[in-house]
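Q: So here's entry.cif, just mmCIF, C-alpha atoms:
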```
data_entry
#
loop_
_atom_site.group_PDB
_atom_site.id
_atom_site.type_symbol
_atom_site.label_atom_id
_atom_site.label_comp_id
_atom_site.auth_asym_id
_atom_site.auth_seq_id
_atom_site.Cartn_x
_atom_site.Cartn_y
_atom_site.Cartn_z
ATOM 1 C CA MET A 1 10.908 15.369 6.025
ATOM 2 C CA LYS A 2 10.303 17.736 3.110
ATOM 3 C CA ILE A 3 7.743 17.531 0.302
ATOM 4 C CA VAL A 4 7.526 19.869 -2.686
ATOM 5 C CA VAL A 5 4.054 20.222 -4.218
ATOM 6 C CA LYS A 6 4.141 19.156 -7.865
ATOM 7 C CA ASN A 7 0.421 18.583 -8.533
ATOM 8 C CA ARG A 8 -3.055 18.771 -6.972
ATOM 9 C CA GLU A 9 -2.849 22.562 -6.648
ATOM 10 C CA GLY A 10 -5.758 24.038 -4.717
ATOM 11 C CA GLU A 11 -6.314 21.029 -2.447
ATOM 12 C CA ARG A 12 -6.510 21.541 1.312
ATOM 13 C CA ILE A 13 -3.177 20.858 3.000
ATOM 14 C CA ASP A 14 -4.616 18.279 5.421
ATOM 15 C CA ARG A 15 -6.263 16.333 2.580
ATOM 16 C CA TYR A 16 -3.135 16.646 0.417
ATOM 17 C CA LEU A 17 -0.899 15.196 3.124
ATOM 18 C CA VAL A 18 -3.121 12.178 3.782
ATOM 19 C CA ASP A 19 -1.882 10.730 0.483
ATOM 20 C CA GLU A 20 1.736 11.787 1.042
ATOM 21 C CA VAL A 21 2.477 10.599 4.582
ATOM 22 C CA THR A 22 1.337 7.763 6.845
ATOM 23 C CA TYR A 23 -0.469 9.953 9.397
ATOM 24 C CA SER A 24 -4.248 10.079 9.620
ATOM 25 C CA ARG A 25 -6.019 13.303 8.702
ATOM 26 C CA SER A 26 -6.872 14.012 12.346
ATOM 27 C CA THR A 27 -3.220 13.641 13.325
ATOM 28 C CA ILE A 28 -2.155 15.904 10.463
ATOM 29 C CA ASN A 29 -4.608 18.548 11.690
ATOM 30 C CA LYS A 30 -3.160 18.336 15.211
ATOM 31 C CA MET A 31 0.374 18.694 13.835
ATOM 32 C CA LEU A 32 -0.653 21.720 11.779
ATOM 33 C CA ASP A 33 -2.288 23.324 14.830
ATOM 34 C CA LEU A 34 0.843 22.689 16.911
ATOM 35 C CA GLY A 35 3.138 24.121 14.244
ATOM 36 C CA TYR A 36 4.823 20.776 13.595
ATOM 37 C CA ILE A 37 4.156 21.138 9.843
ATOM 38 C CA LEU A 38 5.356 24.256 8.027
ATOM 39 C CA ILE A 39 4.533 25.511 4.546
ATOM 40 C CA ASN A 40 7.348 27.645 3.112
ATOM 41 C CA HIS A 41 8.653 27.952 6.689
ATOM 42 C CA GLN A 42 5.307 29.327 7.906
ATOM 43 C CA VAL A 43 2.575 27.892 10.157
ATOM 44 C CA VAL A 44 -0.719 27.493 8.293
ATOM 45 C CA LYS A 45 -4.239 26.309 9.082
ATOM 46 C CA PRO A 46 -5.593 22.914 7.906
ATOM 47 C CA SER A 47 -7.787 24.819 5.421
ATOM 48 C CA TYR A 48 -4.738 26.229 3.606
ATOM 49 C CA LYS A 49 -4.823 25.293 -0.093
ATOM 50 C CA VAL A 50 -1.530 24.155 -1.541
ATOM 51 C CA LYS A 51 0.181 25.872 -4.464
ATOM 52 C CA LEU A 52 2.654 24.412 -6.932
ATOM 53 C CA GLU A 53 6.231 24.446 -5.592
ATOM 54 C CA ASP A 54 5.060 24.932 -1.990
ATOM 55 C CA GLU A 55 7.644 23.382 0.331
ATOM 56 C CA ILE A 56 6.049 21.331 3.078
ATOM 57 C CA GLU A 57 8.275 20.429 6.009
ATOM 58 C CA ILE A 58 7.489 18.176 8.969
ATOM 59 C CA VAL A 59 9.718 19.651 11.656
ATOM 60 C CA GLN A 60 8.511 17.523 14.568
ATOM 61 C CA GLU A 61 6.707 14.199 14.955
ATOM 62 C CA LEU A 62 3.532 13.982 17.016
ATOM 63 C CA LYS A 63 4.022 11.541 19.854
ATOM 64 C CA GLU A 64 0.693 10.197 21.009
ATOM 65 C CA GLU A 65 -0.106 7.586 23.609
ATOM 66 C CA SER A 66 -0.324 4.201 21.967
ATOM 67 C CA HIS A 67 -3.450 2.123 22.422
ATOM 68 C CA LEU A 68 -2.072 -0.752 20.357
ATOM 69 C CA GLU A 69 -2.378 -4.027 22.218
ATOM 70 C CA PRO A 70 -0.252 -7.119 21.484
ATOM 71 C CA VAL A 71 -2.374 -9.916 20.042
ATOM 72 C CA SER A 72 -1.214 -13.510 19.684
ATOM 73 C CA MET A 73 -1.523 -14.723 16.091
ATOM 74 C CA SER A 74 0.235 -17.073 13.736
ATOM 75 C CA LEU A 75 2.732 -15.222 11.535
ATOM 76 C CA ASP A 76 4.191 -16.774 8.396
ATOM 77 C CA ILE A 77 7.719 -15.349 8.599
ATOM 78 C CA LEU A 78 9.744 -15.947 5.438
ATOM 79 C CA TYR A 79 12.876 -14.203 6.723
ATOM 80 C CA GLU A 80 14.089 -12.330 9.794
ATOM 81 C CA ASP A 81 17.272 -10.682 11.040
ATOM 82 C CA GLN A 82 17.971 -7.839 13.452
ATOM 83 C CA ASP A 83 16.843 -5.165 10.992
ATOM 84 C CA ILE A 84 14.026 -6.548 8.834
ATOM 85 C CA MET A 85 11.348 -9.212 8.539
ATOM 86 C CA VAL A 86 9.598 -10.554 5.446
ATOM 87 C CA ILE A 87 6.030 -11.717 6.106
ATOM 88 C CA ASN A 88 3.630 -13.774 3.997
ATOM 89 C CA LYS A 89 0.412 -11.931 4.883
ATOM 90 C CA PRO A 90 -2.821 -13.921 4.613
ATOM 91 C CA SER A 91 -5.903 -12.554 2.910
ATOM 92 C CA GLY A 92 -8.371 -11.055 5.385
ATOM 93 C CA LEU A 93 -5.761 -9.549 7.712
ATOM 94 C CA VAL A 94 -5.694 -5.756 8.048
ATOM 95 C CA VAL A 95 -2.157 -4.358 8.243
ATOM 96 C CA HIS A 96 -2.641 -1.701 10.937
ATOM 97 C CA PRO A 97 -5.456 -0.169 13.020
ATOM 98 C CA GLY A 98 -7.763 2.241 11.244
ATOM 99 C CA ASN A 99 -11.409 3.125 10.844
ATOM 100 C CA GLY A 100 -13.423 0.037 11.752
ATOM 101 C CA ASN A 101 -10.323 -2.036 12.545
ATOM 102 C CA PRO A 102 -9.051 -1.065 16.007
ATOM 103 C CA SER A 103 -7.356 -4.402 16.788
ATOM 104 C CA ASN A 104 -6.508 -7.872 15.486
ATOM 105 C CA THR A 105 -4.300 -6.374 12.781
ATOM 106 C CA LEU A 106 -0.863 -7.423 11.596
ATOM 107 C CA ALA A 107 0.586 -4.597 13.704
ATOM 108 C CA ASN A 108 -0.982 -6.137 16.818
ATOM 109 C CA GLY A 109 0.490 -9.516 15.923
ATOM 110 C CA LEU A 110 3.946 -8.078 15.258
ATOM 111 C CA LEU A 111 3.898 -6.289 18.622
ATOM 112 C CA TYR A 112 3.093 -9.586 20.363
ATOM 113 C CA TYR A 113 5.868 -11.379 18.471
ATOM 114 C CA THR A 114 8.671 -8.883 19.202
ATOM 115 C CA ASN A 115 9.427 -5.566 20.883
ATOM 116 C CA SER A 116 12.125 -4.865 18.276
ATOM 117 C CA LEU A 117 10.144 -2.900 15.703
ATOM 118 C CA SER A 118 10.735 0.508 14.152
ATOM 119 C CA ASP A 119 8.600 3.403 15.384
ATOM 120 C CA VAL A 120 9.205 5.749 12.443
ATOM 121 C CA ASN A 121 5.499 5.648 11.524
ATOM 122 C CA GLY A 122 4.354 6.051 15.106
ATOM 123 C CA GLU A 123 3.428 3.624 17.845
ATOM 124 C CA GLU A 124 0.201 2.596 16.117
ATOM 125 C CA ARG A 125 2.123 1.252 13.097
ATOM 126 C CA PRO A 126 5.202 -0.524 14.478
ATOM 127 C CA GLY A 127 7.494 -1.808 11.749
ATOM 128 C CA ILE A 128 5.034 -0.958 8.958
ATOM 129 C CA VAL A 129 6.964 0.308 5.915
ATOM 130 C CA HIS A 130 4.277 -0.350 3.293
ATOM 131 C CA ARG A 131 0.831 -1.923 3.151
ATOM 132 C CA LEU A 132 -1.165 -4.570 1.398
ATOM 133 C CA ASP A 133 -4.953 -4.294 1.244
ATOM 134 C CA LYS A 134 -6.889 -6.377 3.764
ATOM 135 C CA ASP A 135 -7.867 -9.039 1.219
ATOM 136 C CA THR A 136 -4.570 -9.013 -0.688
ATOM 137 C CA SER A 137 -2.200 -11.789 0.352
ATOM 138 C CA GLY A 138 1.529 -12.282 -0.051
ATOM 139 C CA VAL A 139 5.007 -10.971 0.680
ATOM 140 C CA MET A 140 5.390 -7.840 2.755
ATOM 141 C CA LEU A 141 8.409 -6.069 4.284
ATOM 142 C CA VAL A 142 8.603 -5.120 7.971
ATOM 143 C CA ALA A 143 11.317 -2.922 9.529
ATOM 144 C CA LYS A 144 12.751 -3.780 12.941
ATOM 145 C CA SER A 145 15.206 -0.880 13.215
ATOM 146 C CA ASN A 146 14.549 2.796 12.494
ATOM 147 C CA GLN A 147 17.628 2.960 10.276
ATOM 148 C CA ALA A 148 16.342 0.109 8.119
ATOM 149 C CA HIS A 149 12.882 1.708 8.011
ATOM 150 C CA GLN A 150 14.163 5.053 6.749
ATOM 151 C CA ILE A 151 16.323 3.439 4.061
ATOM 152 C CA LEU A 152 13.521 1.141 2.890
ATOM 153 C CA SER A 153 11.055 4.041 2.771
ATOM 154 C CA ASP A 154 13.451 5.920 0.513
ATOM 155 C CA CYS A 155 13.812 2.809 -1.673
ATOM 156 C CA PHE A 156 10.026 2.592 -2.065
ATOM 157 C CA THR A 157 9.917 6.300 -2.952
ATOM 158 C CA ARG A 158 12.556 5.754 -5.657
ATOM 159 C CA HIS A 159 10.695 2.637 -6.901
ATOM 160 C CA GLU A 160 13.711 0.445 -6.143
ATOM 161 C CA VAL A 161 11.654 -2.261 -4.412
ATOM 162 C CA LYS A 162 10.275 -4.582 -7.085
ATOM 163 C CA ARG A 163 7.114 -6.623 -6.490
ATOM 164 C CA GLU A 164 5.224 -9.009 -8.733
ATOM 165 C CA TYR A 165 1.535 -9.633 -8.155
ATOM 166 C CA ILE A 166 -0.646 -12.454 -9.438
ATOM 167 C CA ALA A 167 -4.324 -11.762 -10.091
ATOM 168 C CA LEU A 168 -7.312 -13.481 -11.604
ATOM 169 C CA LEU A 169 -9.301 -11.067 -13.756
ATOM 170 C CA ASN A 170 -12.915 -11.175 -14.850
ATOM 171 C CA GLY A 171 -13.143 -11.649 -18.596
ATOM 172 C CA VAL A 172 -10.708 -12.874 -21.247
ATOM 173 C CA PHE A 173 -8.002 -10.255 -21.756
ATOM 174 C CA PRO A 174 -7.186 -10.217 -25.505
ATOM 175 C CA HIS A 175 -3.567 -9.020 -25.470
ATOM 176 C CA ALA A 176 -0.393 -10.789 -24.315
ATOM 177 C CA GLN A 177 0.697 -7.782 -22.294
ATOM 178 C CA ALA A 178 -0.239 -4.196 -21.595
ATOM 179 C CA LYS A 179 0.889 -0.992 -19.944
ATOM 180 C CA ILE A 180 -1.777 0.948 -18.068
ATOM 181 C CA ASP A 181 -0.764 4.572 -17.567
ATOM 182 C CA ALA A 182 -3.714 6.315 -15.921
ATOM 183 C CA PRO A 183 -3.641 8.797 -12.989
ATOM 184 C CA ILE A 184 -5.314 7.802 -9.733
ATOM 185 C CA GLY A 185 -6.956 9.996 -7.109
ATOM 186 C CA ARG A 186 -9.865 9.966 -4.700
ATOM 187 C CA ASP A 187 -13.222 9.067 -6.197
ATOM 188 C CA GLU A 188 -15.240 12.286 -6.170
ATOM 189 C CA LYS A 189 -18.482 10.362 -5.561
ATOM 190 C CA ASP A 190 -17.139 8.058 -2.839
ATOM 191 C CA ARG A 191 -14.160 9.308 -0.821
ATOM 192 C CA LYS A 192 -13.492 5.792 0.508
ATOM 193 C CA LYS A 193 -12.636 4.649 -3.008
ATOM 194 C CA MET A 194 -9.949 5.551 -5.519
ATOM 195 C CA ALA A 195 -10.516 6.140 -9.242
ATOM 196 C CA VAL A 196 -8.808 7.045 -12.489
ATOM 197 C CA THR A 197 -9.312 10.789 -12.597
ATOM 198 C CA SER A 198 -7.572 13.945 -13.760
ATOM 199 C CA LYS A 199 -8.581 15.830 -10.612
ATOM 200 C CA HIS A 200 -6.209 15.789 -7.613
ATOM 201 C CA SER A 201 -4.553 12.651 -8.978
ATOM 202 C CA LYS A 202 -1.076 11.161 -9.216
ATOM 203 C CA GLN A 203 0.578 9.321 -12.070
ATOM 204 C CA ALA A 204 0.046 5.565 -11.834
ATOM 205 C CA ILE A 205 1.626 2.946 -14.111
ATOM 206 C CA THR A 206 0.909 -0.800 -14.081
ATOM 207 C CA TYR A 207 2.418 -3.466 -16.333
ATOM 208 C CA LEU A 208 0.298 -6.534 -17.122
ATOM 209 C CA LYS A 209 1.328 -9.886 -18.613
ATOM 210 C CA VAL A 210 -1.091 -12.727 -19.389
ATOM 211 C CA LEU A 211 -0.166 -16.077 -17.809
ATOM 212 C CA GLN A 212 -3.206 -18.166 -18.729
ATOM 213 C CA ARG A 213 -6.651 -17.672 -20.210
ATOM 214 C CA PHE A 214 -9.771 -19.527 -19.099
ATOM 215 C CA GLU A 215 -13.302 -19.533 -20.472
ATOM 216 C CA ASN A 216 -14.408 -16.388 -18.647
ATOM 217 C CA SER A 217 -11.311 -15.179 -16.809
ATOM 218 C CA THR A 218 -7.592 -14.473 -17.171
ATOM 219 C CA LEU A 219 -4.651 -15.162 -14.879
ATOM 220 C CA VAL A 220 -2.085 -12.351 -15.066
ATOM 221 C CA SER A 221 1.116 -11.133 -13.468
ATOM 222 C CA LEU A 222 1.344 -7.436 -12.593
ATOM 223 C CA ASN A 223 4.259 -5.123 -11.843
ATOM 224 C CA LEU A 224 3.946 -1.607 -10.508
ATOM 225 C CA GLU A 225 6.071 1.338 -11.554
ATOM 226 C CA THR A 226 4.243 3.441 -8.978
ATOM 227 C CA GLY A 227 2.533 2.481 -5.728
ATOM 228 C CA ARG A 228 -0.804 4.235 -5.421
ATOM 229 C CA THR A 229 -3.600 3.172 -3.074
ATOM 230 C CA HIS A 230 -5.600 0.283 -4.623
ATOM 231 C CA GLN A 231 -3.603 0.805 -7.838
ATOM 232 C CA ILE A 232 -3.995 -2.676 -9.350
ATOM 233 C CA ARG A 233 -7.658 -2.967 -8.437
ATOM 234 C CA VAL A 234 -8.469 0.516 -9.792
ATOM 235 C CA HIS A 235 -6.511 0.008 -13.026
ATOM 236 C CA MET A 236 -8.063 -3.396 -13.704
ATOM 237 C CA HIS A 237 -11.542 -1.963 -13.146
ATOM 238 C CA TYR A 238 -10.656 0.962 -15.412
ATOM 239 C CA ILE A 239 -9.678 -1.259 -18.366
ATOM 240 C CA GLY A 240 -12.817 -3.367 -17.938
ATOM 241 C CA TYR A 241 -11.237 -6.506 -16.416
ATOM 242 C CA SER A 242 -11.748 -6.143 -12.663
ATOM 243 C CA VAL A 243 -9.971 -8.415 -10.198
ATOM 244 C CA PHE A 244 -12.091 -11.498 -9.607
ATOM 245 C CA ASN A 245 -14.153 -11.342 -6.402
ATOM 246 C CA ASP A 246 -13.198 -7.728 -5.644
ATOM 247 C CA PRO A 247 -15.977 -6.487 -3.329
ATOM 248 C CA VAL A 248 -15.244 -2.789 -3.973
ATOM 249 C CA TYR A 249 -14.230 -2.390 -7.610
ATOM 250 C CA GLY A 250 -15.872 -5.490 -9.023
ATOM 251 C CA HIS A 251 -18.405 -8.065 -7.900
ATOM 252 C CA GLN A 252 -17.937 -10.468 -4.971
ATOM 253 C CA VAL A 253 -18.925 -14.006 -5.948
ATOM 254 C CA LEU A 254 -17.238 -16.080 -3.237
ATOM 255 C CA LYS A 255 -18.287 -14.617 0.110
ATOM 256 C CA ASP A 256 -15.577 -16.412 2.103
ATOM 257 C CA TYR A 257 -12.762 -14.583 0.302
ATOM 258 C CA GLY A 258 -11.838 -11.148 -0.949
ATOM 259 C CA GLN A 259 -10.241 -10.203 -4.262
ATOM 260 C CA PHE A 260 -7.998 -12.793 -5.910
ATOM 261 C CA LEU A 261 -4.844 -10.693 -5.749
ATOM 262 C CA HIS A 262 -1.553 -12.007 -4.384
ATOM 263 C CA SER A 263 1.837 -10.346 -3.894
ATOM 264 C CA ARG A 264 4.007 -13.248 -5.101
ATOM 265 C CA THR A 265 7.582 -11.905 -5.101
ATOM 266 C CA ILE A 266 9.615 -9.044 -3.707
ATOM 267 C CA ASP A 267 13.133 -7.989 -4.674
ATOM 268 C CA PHE A 268 15.154 -5.353 -2.853
ATOM 269 C CA ILE A 269 18.595 -4.461 -1.547
ATOM 270 C CA HIS A 270 19.000 -5.152 2.173
ATOM 271 C CA PRO A 271 19.059 -1.709 3.840
ATOM 272 C CA ILE A 272 22.038 -2.562 6.060
ATOM 273 C CA THR A 273 24.040 -5.408 4.496
ATOM 274 C CA GLN A 274 23.426 -4.261 0.885
ATOM 275 C CA GLU A 275 22.712 -7.862 -0.143
ATOM 276 C CA LYS A 276 20.313 -8.559 -3.009
ATOM 277 C CA MET A 277 17.216 -10.094 -1.457
ATOM 278 C CA HIS A 278 14.490 -12.129 -3.192
ATOM 279 C CA PHE A 279 11.471 -13.756 -1.589
ATOM 280 C CA GLU A 280 8.478 -15.582 -2.979
ATOM 281 C CA ALA A 281 5.162 -16.597 -1.420
ATOM 282 C CA PRO A 282 3.094 -19.374 -3.036
ATOM 283 C CA LEU A 283 -0.523 -18.735 -3.970
ATOM 284 C CA PRO A 284 -2.931 -19.298 -1.055
ATOM 285 C CA ASP A 285 -4.708 -22.663 -1.080
ATOM 286 C CA TYR A 286 -8.116 -21.158 -1.940
ATOM 287 C CA PHE A 287 -6.585 -19.308 -4.915
ATOM 288 C CA GLN A 288 -4.762 -22.398 -6.205
ATOM 289 C CA THR A 289 -7.811 -24.630 -5.686
ATOM 290 C CA TYR A 290 -10.028 -22.254 -7.652
ATOM 291 C CA LEU A 291 -7.536 -22.198 -10.521
ATOM 292 C CA GLU A 292 -7.545 -25.993 -10.597
ATOM 293 C CA LYS A 293 -11.328 -25.916 -10.958
ATOM 294 C CA LEU A 294 -11.046 -23.496 -13.874
ATOM 295 C CA LYS A 295 -8.543 -25.752 -15.598
#
```
Let me see the structure of the file written as structure tokens.

A:
Amino acid sequence: MKIVVKNREGERIDRYLVDEVTYSRSTINKMLDLGYILINHQVVKPSYKVKLEDEIEIVQELKEESHLEPVSMSLDILYEDQDIMVINKPSGLVVHPGNGNPSNTLANGLLYYTNSLSDVNGEERPGIVHRLDKDTSGVMLVAKSNQAHQILSDCFTRHEVKREYIALLNGVFPHAQAKIDAPIGRDEKDRKKMAVTSKHSKQAITYLKVLQRFENSTLVSLNLETGRTHQIRVHMHYIGYSVFNDPVYGHQVLKDYGQFLHSRTIDFIHPITQEKMHFEAPLPDYFQTYLEKLK
């Protein structure tokens, strides 16, 4: 895997790679120390600061002992064949283990359901090609074979996988549609959050279309041209219409639920058969019920 640095010059290589690959920062540091990651064909320390046009190459994966345990859980499987699965992920379910979430994740449930999952992203993230936030519900792709995983990853990189999200926003959005083109990077004041910033950021583009207006809120559909961390939630907060009930970028009103954000559809070309694939997940009951109350 090769990456050419096009922005964020001067950032530490370990911090830079956290946003470019699926490894944790600690794993990246281990790989740098072992010489598994080269910069311009040279071994560097984690403190190395990247320069524009630096060529980063991952020459060897780090194989670590997996501590991921299979966990029995109900999975809403919309489609499955020998290469891929399409899941309707419920709100509240973390996709893979991380800080504060060592188990009871979708990855644990997938491992219990089948042993046929890709290991491209390591044993801690079996089959995981892309993520949805913990409290975001809806359609999500899972790779069962490594070949399918690699092809799908490339499709995501080229923005060939199309997804439509549905969100309820705080406030009455005045326009019929909008394009939000604002770069996203780590929040300088809170590294756990993302923000619209010109420092160490990446281009982020979101398209918004109003579906229905209520007295104090707006139902919208959203399409992403890019796929940055928390992109929809950050962009909605940035334009002054945060996602309803977002506990991080807005204000949580209903304590039993997270943000009202749902990945409704996904369109892609099957990585092996080359068929056009389309899947749709209905709004969760709590989301639909709340809309009925607003109406």

Q: If we count all atoms listed in the file and set the cut-off at 7 Å, which residues sit around Ala178 (chain A), ignoring sequence neighbours fewer than 4 positions away in its own chain? Please answer as a list in words.

A: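 In the requested format, the answer is Tyr207, Leu208 and Lys209 of chain A.
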
Q: Please save C-alpha atoms of the selected residues as an mmCIF file, keeping the file's coordinate frame.

A:
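Written file, part-v5.cif:
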```cif
data_model
loop_
_atom_site.group_PDB
_atom_site.id
_atom_site.type_symbol
_atom_site.label_atom_id
_atom_site.label_comp_id
_atom_site.auth_asym_id
_atom_site.auth_seq_id
_atom_site.Cartn_x
_atom_site.Cartn_y
_atom_site.Cartn_z
ATOM 1 C CA TYR A 207 2.418 -3.466 -16.333
ATOM 2 C CA LEU A 208 0.298 -6.534 -17.122
ATOM 3 C CA LYS A 209 1.328 -9.886 -18.613
#
```

Q: What does the distance from CA of Asp14 (chain A) to CA of His149 (chain A) come to in Å, to one decimal?

A: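 Rounded to one decimal, the two atoms are 24.2 Å apart.
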
Q: Skipping near chain neighbours, those fewer than 5 positions away, what residues fall within 9 Å of region 110-115 of chain A using all atoms listed in the file, listed as a VMD selection string?

A: chain A and resid 68 to 73 75 105 126 to 127 144

Q: Counting only C-alpha atoms, figure out which residue out of A:Lys199, A:Lys162, A:Arg228, A:His175 gets nearest to Gln212 (chain A).

A: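 Closest to Gln212 (chain A), using only C-alpha atoms: A:His175.
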
Q: Starting from the PyMOL selection byres ((chain A and resi 188-195) around 10), expand the selection into actual residues of this file and give them as a PyMOL selection string.

A: chain A and resi 182-187+196-201+228-231+233-235+237-238+248-249

Q: What does the structure give for the distance between CA of Ser26 (chain A) and CA of Ser116 (chain A), in Å to one decimal?

A: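 CA of Ser26 (chain A) sits 27.4 Å away from CA of Ser116 (chain A).
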
Q: Figure out the distance between CA of Gln60 (chain A) and CA of Asp119 (chain A), please, to one decimal in Å.

A: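 Computing the Euclidean distance for CA of Asp119 (chain A) and CA of Gln60 (chain A) yields 14.1 Å.
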